[in-house]
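Undergrad: Before I ask anything, let me first share the structure, which is written out below as structure tokens.
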Amino acid sequence: MWSSTRCSAISRNDLRGLMKPPPAGFAANPSRGKFTLHNGPTFRASAEGDMRTGMWVLDRHCNGMGFMHGGMTCAFSDSALAWAVWTVTGRMSVTLKLTLEFMDIVPEGTWLEAHPEVTAVDGDIVHVTARLLKEDGHIAARADAVFRSLRRRTT
């Protein structure tokens, strides 16, 4: 079992030299809890209106064969799609449905980017899709999701 102290140390070490800096135009994504801290770090595009999220695939993100674990791909996709929902609606959301199509392996050391697009907003329901692209431009996966945006309770 990982303690938050251990997870914090891993992320600091990653950022201090165990991985390359993100490509130009990306900034570190602040952690939103222990799960994200352990599975990160991730980076967001910094240009206004650019909803891309990226990450370096590290050893801890990989399966026994040395490429990105499918569960990690799902977690990364979910986070990137939720960021797109936030960017478009200005509201936090929860995932109602997430579907992934895996198209290629993502080896350790690869820069992976999610390129999301919100395709429909119907009240509190938001449909979003993303292509997960490797640094060589090949599609690693495609994600489709439905989110429910959350409203603040007034009572």
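Letters for chains follow the order of the structure tokens (A, B, ...), residue numbers begin at 1 for each chain, and ligand numbers begin at 1 in the order shown.
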Can you build me a table of region 78-105 of chain A residues sitting at most 10 Å from region 130-142 of chain A, with the closest atom pair per residue and its distance in Å to one decimal, using only C-alpha atoms, sorted by chain and residue number, as CSV?
TA:
```
residue,atom,partner,partner_atom,distance
A:Asp78,CA,A:Ala130,CA,9.9
A:Ala80,CA,A:Ala130,CA,8.3
A:Leu81,CA,A:Ala130,CA,7.1
A:Ala84,CA,A:Ala130,CA,9.5
A:Thr99,CA,A:Arg142,CA,8.3
A:Leu100,CA,A:Arg142,CA,5.7
A:Glu101,CA,A:Arg142,CA,5.2
A:Phe102,CA,A:Ala141,CA,4.4
A:Met103,CA,A:Ala140,CA,5.0
A:Asp104,CA,A:Ala140,CA,4.5
A:Ile105,CA,A:Ala140,CA,6.3
```
Undergrad: Can you tell me, as a PyMOL selection string, which residues in chain A count as strand (DSSP E) by DSSP?
TA: chain A and resi 26-28+43-45+53-56+93-102+111-122+125-134+139-149
Undergrad: Only C-alpha atoms, please: the residues just picked out, written as a CSV table (one decimal), in the first residue's frame.
TA:
```
chain,number,residue,atom,x,y,z
A,26,PHE,CA,2.5,22.3,-21.7
A,27,ALA,CA,2.6,22.9,-18.0
A,28,ALA,CA,2.4,20.6,-15.0
A,43,PHE,CA,0.5,18.1,-18.2
A,44,ARG,CA,-2.0,20.4,-19.8
A,45,ALA,CA,-1.6,22.6,-22.9
A,53,THR,CA,-3.5,16.7,-21.8
A,54,GLY,CA,-0.2,14.9,-22.0
A,55,MET,CA,2.0,12.5,-20.0
A,56,TRP,CA,5.3,10.7,-20.2
A,93,SER,CA,-18.4,16.4,-13.6
A,94,VAL,CA,-18.6,12.7,-13.0
A,95,THR,CA,-18.1,10.0,-15.6
A,96,LEU,CA,-21.3,8.1,-16.6
A,97,LYS,CA,-19.8,6.0,-19.4
A,98,LEU,CA,-16.2,5.6,-20.7
A,99,THR,CA,-15.4,3.4,-23.7
A,100,LEU,CA,-11.9,2.9,-25.1
A,101,GLU,CA,-10.7,1.4,-28.4
A,102,PHE,CA,-7.0,0.4,-28.1
A,111,TRP,CA,5.0,11.1,-24.7
A,112,LEU,CA,1.2,10.5,-25.0
A,113,GLU,CA,-1.3,13.3,-25.7
A,114,ALA,CA,-5.1,13.2,-25.4
A,115,HIS,CA,-6.8,15.5,-28.0
A,116,PRO,CA,-10.4,15.9,-26.7
A,117,GLU,CA,-13.4,17.4,-28.3
A,118,VAL,CA,-16.8,18.0,-26.6
A,119,THR,CA,-19.3,16.8,-29.2
A,120,ALA,CA,-22.6,17.6,-27.4
A,121,VAL,CA,-23.9,19.3,-24.3
A,122,ASP,CA,-27.5,18.5,-23.4
A,125,ILE,CA,-25.1,15.6,-19.9
A,126,VAL,CA,-21.9,16.1,-21.9
A,127,HIS,CA,-20.6,13.9,-24.6
A,128,VAL,CA,-16.9,14.0,-25.3
A,129,THR,CA,-14.4,12.1,-27.4
A,130,ALA,CA,-10.6,12.0,-27.7
A,131,ARG,CA,-7.8,10.6,-29.8
A,132,LEU,CA,-4.7,9.5,-27.8
A,133,LEU,CA,-1.7,10.2,-30.0
A,134,LYS,CA,1.8,9.1,-29.5
A,139,ILE,CA,-3.2,6.8,-32.7
A,140,ALA,CA,-2.8,4.7,-29.6
A,141,ALA,CA,-6.4,4.7,-28.6
A,142,ARG,CA,-9.7,6.5,-29.0
A,143,ALA,CA,-11.9,7.3,-26.0
A,144,ASP,CA,-15.6,8.2,-26.0
A,145,ALA,CA,-17.4,9.3,-22.8
A,146,VAL,CA,-20.6,10.7,-21.3
A,147,PHE,CA,-20.3,12.9,-18.3
A,148,ARG,CA,-22.8,14.5,-16.0
A,149,SER,CA,-21.9,18.0,-15.0
```
Undergrad: So which residues touch Met72 (chain A) within 10 Å, counting only C-alpha atoms, skipping near sequence neighbours fewer than 5 positions away, as a VMD selection string?
TA: chain A and resid 39 to 40 57 60 to 63 77 to 78
Undergrad: Restrict the selected residues to all heavy atoms and save them as a CSV table (one decimal), in the first residue's frame.
TA:
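And here's result-v1.csv as it stands now:
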```csv
chain,number,residue,atom,x,y,z
A,39,ASN,N,-0.6,8.3,-10.2
A,39,ASN,CA,-0.7,7.9,-11.6
A,39,ASN,C,-0.1,9.0,-12.5
A,39,ASN,O,0.0,8.8,-13.7
A,39,ASN,CB,-2.1,7.6,-12.0
A,39,ASN,CG,-2.5,6.3,-11.4
A,39,ASN,OD1,-1.8,5.3,-11.7
A,39,ASN,ND2,-3.6,6.2,-10.7
A,40,GLY,N,0.3,10.2,-12.0
A,40,GLY,CA,0.8,11.2,-12.8
A,40,GLY,C,2.3,11.1,-12.9
A,40,GLY,O,2.9,10.0,-12.7
A,57,VAL,N,5.0,8.3,-20.4
A,57,VAL,CA,4.7,6.9,-19.9
A,57,VAL,C,5.9,6.4,-19.1
A,57,VAL,O,7.0,6.2,-19.7
A,57,VAL,CB,4.3,6.0,-21.0
A,57,VAL,CG1,4.0,4.6,-20.5
A,57,VAL,CG2,3.1,6.5,-21.8
A,60,ARG,N,6.0,2.9,-13.9
A,60,ARG,CA,4.9,2.5,-13.0
A,60,ARG,C,3.6,2.6,-13.8
A,60,ARG,O,2.6,2.1,-13.2
A,60,ARG,CB,4.8,3.5,-11.8
A,60,ARG,CG,4.5,4.9,-12.1
A,60,ARG,CD,4.2,5.6,-10.8
A,60,ARG,NE,4.0,7.0,-11.0
A,60,ARG,CZ,4.9,8.0,-11.0
A,60,ARG,NH1,6.2,7.6,-10.8
A,60,ARG,NH2,4.6,9.2,-11.2
A,61,HIS,N,3.5,3.1,-15.0
A,61,HIS,CA,2.3,3.1,-15.8
A,61,HIS,C,2.2,1.9,-16.7
A,61,HIS,O,1.2,1.7,-17.4
A,61,HIS,CB,2.3,4.3,-16.7
A,61,HIS,CG,2.4,5.6,-16.0
A,61,HIS,ND1,3.2,6.7,-16.4
A,61,HIS,CD2,1.8,6.1,-14.8
A,61,HIS,CE1,3.1,7.7,-15.6
A,61,HIS,NE2,2.3,7.4,-14.6
A,62,CYS,N,3.3,1.0,-16.7
A,62,CYS,CA,3.4,-0.1,-17.6
A,62,CYS,C,3.0,-1.4,-17.0
A,62,CYS,O,3.1,-1.7,-15.8
A,62,CYS,CB,4.8,-0.1,-18.2
A,62,CYS,SG,5.2,1.3,-19.1
A,63,ASN,N,2.6,-2.3,-17.9
A,63,ASN,CA,2.3,-3.7,-17.6
A,63,ASN,C,3.6,-4.5,-17.6
A,63,ASN,O,4.7,-3.9,-17.8
A,63,ASN,CB,1.3,-4.3,-18.5
A,63,ASN,CG,1.7,-4.3,-20.0
A,63,ASN,OD1,2.9,-4.2,-20.3
A,63,ASN,ND2,0.7,-4.2,-20.8
A,77,SER,N,-7.3,8.8,-19.9
A,77,SER,CA,-8.4,9.3,-20.8
A,77,SER,C,-9.5,9.9,-20.0
A,77,SER,O,-10.0,11.0,-20.3
A,77,SER,CB,-8.9,8.1,-21.6
A,77,SER,OG,-8.0,7.5,-22.4
A,78,ASP,N,-9.9,9.3,-18.9
A,78,ASP,CA,-11.0,9.9,-18.0
A,78,ASP,C,-10.6,11.3,-17.5
A,78,ASP,O,-11.4,12.2,-17.6
A,78,ASP,CB,-11.2,8.9,-16.9
A,78,ASP,CG,-12.4,9.3,-16.0
A,78,ASP,OD1,-13.5,9.6,-16.6
A,78,ASP,OD2,-12.3,9.3,-14.8
```
Undergrad: For the structure I just gave you, how does DSSP split region 58-145 of chain A - specifically, which residues are alpha helix (DSSP H)? Reply as a list in words.
TA: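 Reading the DSSP output for region 58-145 of chain A, alpha helix (DSSP H) covers Gly70, Gly71, Met72, Thr73, Cys74, Ala75, Phe76, Ser77, Asp78, Ser79, Ala80, Leu81, Ala82, Trp83, Ala84, Val85, Trp86, Thr87, Val88 and Thr89 of chain A.
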Undergrad: Mind writing the picked residues with all heavy atoms as a short mmCIF file (atom, residue, chain, number, x, y, z; two decimals), in the first residue's frame?
TA:
```cif
data_model
loop_
_atom_site.label_atom_id
_atom_site.label_comp_id
_atom_site.auth_asym_id
_atom_site.auth_seq_id
_atom_site.Cartn_x
_atom_site.Cartn_y
_atom_site.Cartn_z
N GLY A 70 -3.54 -0.98 -19.81
CA GLY A 70 -4.85 -0.53 -20.27
C GLY A 70 -5.62 0.25 -19.22
O GLY A 70 -6.31 1.22 -19.54
N GLY A 71 -5.49 -0.15 -17.96
CA GLY A 71 -6.16 0.58 -16.88
C GLY A 71 -5.61 1.99 -16.73
O GLY A 71 -6.35 2.94 -16.46
N MET A 72 -4.30 2.15 -16.94
CA MET A 72 -3.70 3.48 -16.87
C MET A 72 -4.17 4.32 -18.06
O MET A 72 -4.42 5.51 -17.92
CB MET A 72 -2.17 3.37 -16.85
CG MET A 72 -1.46 4.69 -16.73
SD MET A 72 -1.86 5.53 -15.19
CE MET A 72 -1.81 7.22 -15.74
N THR A 73 -4.30 3.70 -19.22
CA THR A 73 -4.81 4.41 -20.38
C THR A 73 -6.23 4.92 -20.11
O THR A 73 -6.57 6.06 -20.45
CB THR A 73 -4.80 3.50 -21.63
OG1 THR A 73 -3.50 2.94 -21.79
CG2 THR A 73 -5.20 4.24 -22.88
N CYS A 74 -7.04 4.08 -19.46
CA CYS A 74 -8.40 4.50 -19.10
C CYS A 74 -8.38 5.65 -18.11
O CYS A 74 -9.13 6.63 -18.27
CB CYS A 74 -9.18 3.32 -18.51
SG CYS A 74 -9.58 2.04 -19.71
N ALA A 75 -7.55 5.57 -17.09
CA ALA A 75 -7.48 6.64 -16.08
C ALA A 75 -7.01 7.95 -16.71
O ALA A 75 -7.57 9.02 -16.42
CB ALA A 75 -6.55 6.23 -14.94
N PHE A 76 -5.99 7.88 -17.56
CA PHE A 76 -5.50 9.08 -18.24
C PHE A 76 -6.59 9.68 -19.13
O PHE A 76 -6.83 10.89 -19.12
CB PHE A 76 -4.25 8.74 -19.06
CG PHE A 76 -3.76 9.86 -19.92
CD1 PHE A 76 -3.22 11.01 -19.37
CD2 PHE A 76 -3.84 9.77 -21.31
CE1 PHE A 76 -2.76 12.06 -20.17
CE2 PHE A 76 -3.39 10.79 -22.12
CZ PHE A 76 -2.85 11.94 -21.56
N SER A 77 -7.29 8.83 -19.88
CA SER A 77 -8.36 9.29 -20.76
C SER A 77 -9.47 9.95 -19.96
O SER A 77 -9.97 11.03 -20.34
CB SER A 77 -8.94 8.11 -21.56
OG SER A 77 -7.97 7.54 -22.38
N ASP A 78 -9.88 9.33 -18.88
CA ASP A 78 -10.95 9.86 -18.04
C ASP A 78 -10.61 11.26 -17.54
O ASP A 78 -11.42 12.18 -17.61
CB ASP A 78 -11.22 8.91 -16.88
CG ASP A 78 -12.41 9.31 -16.05
OD1 ASP A 78 -13.49 9.57 -16.61
OD2 ASP A 78 -12.28 9.34 -14.80
N SER A 79 -9.39 11.42 -17.08
CA SER A 79 -8.94 12.73 -16.58
C SER A 79 -8.91 13.77 -17.70
O SER A 79 -9.37 14.90 -17.52
CB SER A 79 -7.56 12.58 -15.95
OG SER A 79 -7.06 13.82 -15.54
N ALA A 80 -8.38 13.39 -18.86
CA ALA A 80 -8.29 14.33 -19.98
C ALA A 80 -9.68 14.72 -20.49
O ALA A 80 -9.92 15.89 -20.81
CB ALA A 80 -7.48 13.69 -21.12
N LEU A 81 -10.60 13.78 -20.53
CA LEU A 81 -11.95 14.08 -20.98
C LEU A 81 -12.68 14.97 -19.96
O LEU A 81 -13.41 15.89 -20.34
CB LEU A 81 -12.72 12.78 -21.21
CG LEU A 81 -12.20 11.91 -22.37
CD1 LEU A 81 -12.82 10.53 -22.31
CD2 LEU A 81 -12.44 12.56 -23.71
N ALA A 82 -12.48 14.71 -18.68
CA ALA A 82 -13.09 15.54 -17.64
C ALA A 82 -12.57 16.97 -17.73
O ALA A 82 -13.33 17.93 -17.51
CB ALA A 82 -12.81 14.95 -16.25
N TRP A 83 -11.28 17.14 -18.06
CA TRP A 83 -10.72 18.48 -18.22
C TRP A 83 -11.40 19.20 -19.39
O TRP A 83 -11.70 20.39 -19.31
CB TRP A 83 -9.21 18.40 -18.43
CG TRP A 83 -8.58 19.72 -18.75
CD1 TRP A 83 -7.96 20.07 -19.91
CD2 TRP A 83 -8.54 20.89 -17.91
NE1 TRP A 83 -7.52 21.38 -19.84
CE2 TRP A 83 -7.87 21.90 -18.62
CE3 TRP A 83 -8.99 21.16 -16.63
CZ2 TRP A 83 -7.65 23.17 -18.11
CZ3 TRP A 83 -8.77 22.42 -16.11
CH2 TRP A 83 -8.11 23.41 -16.84
N ALA A 84 -11.68 18.48 -20.46
CA ALA A 84 -12.38 19.08 -21.60
C ALA A 84 -13.79 19.51 -21.20
O ALA A 84 -14.24 20.60 -21.58
CB ALA A 84 -12.43 18.09 -22.77
N VAL A 85 -14.47 18.68 -20.42
CA VAL A 85 -15.81 19.05 -19.94
C VAL A 85 -15.72 20.32 -19.09
O VAL A 85 -16.52 21.25 -19.26
CB VAL A 85 -16.46 17.89 -19.15
CG1 VAL A 85 -17.75 18.34 -18.48
CG2 VAL A 85 -16.71 16.69 -20.07
N TRP A 86 -14.75 20.38 -18.18
CA TRP A 86 -14.56 21.57 -17.35
C TRP A 86 -14.29 22.81 -18.21
O TRP A 86 -14.84 23.88 -17.98
CB TRP A 86 -13.43 21.35 -16.35
CG TRP A 86 -13.02 22.60 -15.65
CD1 TRP A 86 -12.00 23.43 -15.99
CD2 TRP A 86 -13.66 23.21 -14.52
NE1 TRP A 86 -11.94 24.50 -15.13
CE2 TRP A 86 -12.96 24.38 -14.22
CE3 TRP A 86 -14.75 22.85 -13.74
CZ2 TRP A 86 -13.31 25.22 -13.17
CZ3 TRP A 86 -15.10 23.68 -12.68
CH2 TRP A 86 -14.39 24.85 -12.41
N THR A 87 -13.43 22.65 -19.20
CA THR A 87 -13.05 23.78 -20.06
C THR A 87 -14.27 24.35 -20.79
O THR A 87 -14.42 25.56 -20.90
CB THR A 87 -11.97 23.34 -21.07
OG1 THR A 87 -10.84 22.86 -20.35
CG2 THR A 87 -11.55 24.48 -21.96
N VAL A 88 -15.15 23.48 -21.26
CA VAL A 88 -16.31 23.92 -22.04
C VAL A 88 -17.45 24.40 -21.14
O VAL A 88 -18.11 25.40 -21.45
CB VAL A 88 -16.78 22.79 -22.98
CG1 VAL A 88 -18.12 23.11 -23.61
CG2 VAL A 88 -15.72 22.56 -24.07
N THR A 89 -17.69 23.71 -20.02
CA THR A 89 -18.87 24.03 -19.20
C THR A 89 -18.56 24.87 -17.96
O THR A 89 -19.46 25.47 -17.39
CB THR A 89 -19.57 22.75 -18.72
OG1 THR A 89 -18.72 22.05 -17.80
CG2 THR A 89 -19.96 21.85 -19.89
#
```
Undergrad: A:Thr36, A:Ser31, A:Val106, A:Pro21: which is nearest Asp59 (chain A), counting only C-alpha atoms?
TA: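 Of the candidates, the smallest distance to Asp59 (chain A) is held by A:Val106.
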Undergrad: Name all residues at most 12 Å from Arg152 (chain A) (count only C-alpha atoms; drop same-chain ones fewer than 6 positions away) and give them as an mmCIF file with all heavy atoms, in the first residue's frame.
TA:
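Okay, selection.cif is ready:
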```cif
data_model
loop_
_atom_site.group_PDB
_atom_site.id
_atom_site.type_symbol
_atom_site.label_atom_id
_atom_site.label_comp_id
_atom_site.auth_asym_id
_atom_site.auth_seq_id
_atom_site.Cartn_x
_atom_site.Cartn_y
_atom_site.Cartn_z
ATOM 1 N N GLY A 90 -17.299 24.854 -17.507
ATOM 2 C CA GLY A 90 -16.943 25.530 -16.265
ATOM 3 C C GLY A 90 -17.471 24.815 -15.038
ATOM 4 O O GLY A 90 -17.532 25.397 -13.949
ATOM 5 N N ARG A 91 -17.818 23.532 -15.205
ATOM 6 C CA ARG A 91 -18.383 22.766 -14.088
ATOM 7 C C ARG A 91 -17.651 21.445 -13.903
ATOM 8 O O ARG A 91 -17.219 20.824 -14.870
ATOM 9 C CB ARG A 91 -19.860 22.500 -14.356
ATOM 10 C CG ARG A 91 -20.653 23.812 -14.336
ATOM 11 C CD ARG A 91 -22.013 23.700 -14.950
ATOM 12 N NE ARG A 91 -22.896 22.863 -14.170
ATOM 13 C CZ ARG A 91 -24.115 22.543 -14.585
ATOM 14 N NH1 ARG A 91 -24.578 22.983 -15.733
ATOM 15 N NH2 ARG A 91 -24.870 21.775 -13.833
ATOM 16 N N MET A 92 -17.544 21.030 -12.650
ATOM 17 C CA MET A 92 -17.009 19.706 -12.351
ATOM 18 C C MET A 92 -17.997 18.677 -12.884
ATOM 19 O O MET A 92 -19.168 18.987 -13.114
ATOM 20 C CB MET A 92 -16.812 19.535 -10.847
ATOM 21 C CG MET A 92 -15.750 20.467 -10.288
ATOM 22 S SD MET A 92 -15.580 20.300 -8.500
ATOM 23 C CE MET A 92 -14.812 18.701 -8.412
ATOM 24 N N SER A 93 -17.519 17.441 -13.060
ATOM 25 C CA SER A 93 -18.391 16.417 -13.632
ATOM 26 C C SER A 93 -18.002 15.040 -13.111
ATOM 27 O O SER A 93 -16.928 14.858 -12.531
ATOM 28 C CB SER A 93 -18.298 16.442 -15.155
ATOM 29 O OG SER A 93 -16.960 16.186 -15.565
#
```
Undergrad: May I ask which of the residues A:Lys20, A:Gly25, A:Met65, A:Arg151 is the closest one to Glu48 (chain A), counting only C-alpha atoms?
TA: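 The shortest atom-to-atom distance to Glu48 (chain A) comes from A:Gly25.
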